[in-house]
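K.L.:
For reference, the structure I am asking about is given below.
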Amino acid sequence: MRQGTIPPVIAARWALWTFVIVNVAIVEILFLTAGTGKNGTLTVAKFFGLHAAVLMLFQLLLVARLPWLDRRIGMDRLTVWHRWVGFTLLWTLLTHAVLVVLGYARLDDASMTKTFFALAGVPASLLGMLAAAIVVVIAAVSARQVRRRLRYETWHGLHLLLYVALGLAFVHQLQETTTFSSSAFATVYWWALWLFAFGSLVTGRIVMPVWRNAYHRFEVAAVVPESDSVVSVHITGRHLDKLPARAGQFCVWRFPGHNHWWLANPFSLSAAPDGRTLRLTAKAVGSASAGLRHVPVGSRAFVEGPFGAFTSLHRTRPGALLIAGGVGITPVRALLEEEAADDVVVLYRVRSEEDAVLGDEVRTLVGGLGGRLHLLTGRTGEGAPPFEPENLRALVPDVAERDVYVCGPPAMTTAVLASLRALKVPPRQVHAERFGLA
């Protein structure tokens, strides 16, 4: 990276937050210039309603899988933001709804229960109530205690109801004439914002995947067992040199005819894209990944992506430290093929040498770069933790002078990141990504 340039992740965050701040400022101006409600409570309710609309639109952008954002910030970080914005949206919507009922109850000198049912008979209000109810359901099933008890397919299916809620909220806002038609500028602004947000979602989640699969026509070229529990699948297709994939990224893979169409898994590219083939390597941890060794050669594959910011685009230093745990070696192995520096260290944590997925390939690649490979074997809790700050510094004394890439099980990744903070490795030099689908 050249000195003085802005890191891509910083540039993307500035662009994203500038977009948010500008739109919040515009909404504040529209609120202040549109006049007050029928009483003070309804005026405050309108304030929360307008900001709930902005939060909904921001939610769409966070899950639209726009390549420019994803390659710089990473799907995992965008998904975390999506989660927190979602819970903020929940409380904003509930506050808006309670204040609306309270405001009209005071206006009509009626009970809140009577007012609630009266508002439910008004189409515009009913649509808003239904949208809020769906958001409440989604928030409930997204709570960690509930989420852990649900199958991913069940949770994901319920989560798709969010798009229904957004449609209902849009019509609700459209029928609230004080929001859309308080001025010509307000009408143009809200239409433009909704079209931009929905357009981004449709483009990123539907148009681009469908177009890429029609253009590249991905199919299975080979299925290679790497061990009893690990398999590599080689994918070929047309014009793969035009697929914007980089080492370290992952795709969401579907194999129609092998699994149901709604069953998809994120797997990293385990080899640097060469313009002719793609390769994924998976460990059998579930029925979908375990069944990959039975995917028929010549069958079609449906690929979404590539995704992820775990790439050399974010390099800031000449030296690199690549830390992997278990099957997390796959994106690291791909990065080694793209590695141009001769100052690379790889720490590979596994239970035993037999569990070192693609170990021979990694050893060959590291040797070709003149780097160092440390195979750290042992079970968690046995012996000295290899990623404690002092142990990490002993293995790589100049760790603070390197870019550090981390990929592995969540507990390992968390431990490594904590040690890197303790060792005062600058955050801009630390690159870690956890898969997250939303």
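All residue names refer to the structure tokens as shown: chains lettered A, B, ... in order, residues numbered from 1 in each chain, ligands numbered from 1 in order.
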With only C-alpha atoms as the counted atoms, please give the residues lying no more than 7 Å from His234 of chain A, apart from itself and same-chain residues fewer than 6 positions off, as a list in words.
P.N.:
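So, after excluding close chain neighbours, the residues are Val220, Ala221, Ala222, Val223, Thr277, Leu278, Arg279 and Leu280 of chain A.
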K.L.:
For Gly86 of chain A, find every residue with an atom within 12 Å (counting only C-alpha atoms), except residues of its own chain fewer than 5 positions away, and show them as a ChimeraX atom specification.
P.N.:
/A:52-60,62-63,78-81,91-93,132,135-140,142-143,159,162,438
K.L.:
Please measure the separation of atom CA of Thr113 of chain A and atom CA of Leu166 of chain A, giving the value in Å to one decimal.
P.N.:
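Separation between atom CA of Thr113 of chain A and atom CA of Leu166 of chain A: 25.9 Å.
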K.L.:
From the set A:Leu195, A:Ala432, A:Leu94, A:Ala271, which residue has the shortest atom-to-atom contact distance to Leu365 of chain A, counting only C-alpha atoms?
P.N.:
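Closest to Leu365 of chain A of all the choices is A:Ala271.
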K.L.:
Give me the residues within 6 Å of segment 237-246 of chain A as a ChimeraX atom specification, counting only C-alpha atoms and dropping any in the same chain fewer than 3 places off.
P.N.:
/A:216-218,249,275-276,306
K.L.:
Save out the residues we just selected, N, CA and C atoms, as a PDB file, in the first residue's frame.
P.N.:
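part.pdb, freshly written:
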```pdb
ATOM      1  N   HIS A 216     -21.889 -17.166 -16.761  1.00  0.00           N
ATOM      2  CA  HIS A 216     -20.742 -18.053 -16.521  1.00  0.00           C
ATOM      3  C   HIS A 216     -21.107 -19.534 -16.612  1.00  0.00           C
ATOM      4  N   ARG A 217     -22.362 -19.886 -16.383  1.00  0.00           N
ATOM      5  CA  ARG A 217     -22.812 -21.277 -16.466  1.00  0.00           C
ATOM      6  C   ARG A 217     -21.872 -22.215 -15.694  1.00  0.00           C
ATOM      7  N   PHE A 218     -21.830 -22.013 -14.388  1.00  0.00           N
ATOM      8  CA  PHE A 218     -20.961 -22.803 -13.519  1.00  0.00           C
ATOM      9  C   PHE A 218     -21.386 -24.277 -13.519  1.00  0.00           C
ATOM     10  N   GLN A 249     -11.631 -14.616  -0.722  1.00  0.00           N
ATOM     11  CA  GLN A 249     -13.073 -14.404  -0.730  1.00  0.00           C
ATOM     12  C   GLN A 249     -13.828 -15.727  -0.634  1.00  0.00           C
ATOM     13  N   GLY A 275      -8.925 -17.781 -13.467  1.00  0.00           N
ATOM     14  CA  GLY A 275      -9.623 -17.466 -14.707  1.00  0.00           C
ATOM     15  C   GLY A 275     -10.165 -18.681 -15.435  1.00  0.00           C
ATOM     16  N   ARG A 276      -9.875 -19.887 -14.923  1.00  0.00           N
ATOM     17  CA  ARG A 276     -10.351 -21.118 -15.571  1.00  0.00           C
ATOM     18  C   ARG A 276     -11.226 -21.961 -14.645  1.00  0.00           C
ATOM     19  N   PRO A 306     -18.457 -13.398  -5.847  1.00  0.00           N
ATOM     20  CA  PRO A 306     -17.739 -13.589  -4.579  1.00  0.00           C
ATOM     21  C   PRO A 306     -17.993 -12.461  -3.580  1.00  0.00           C
TER      22      PRO A 306
END
```
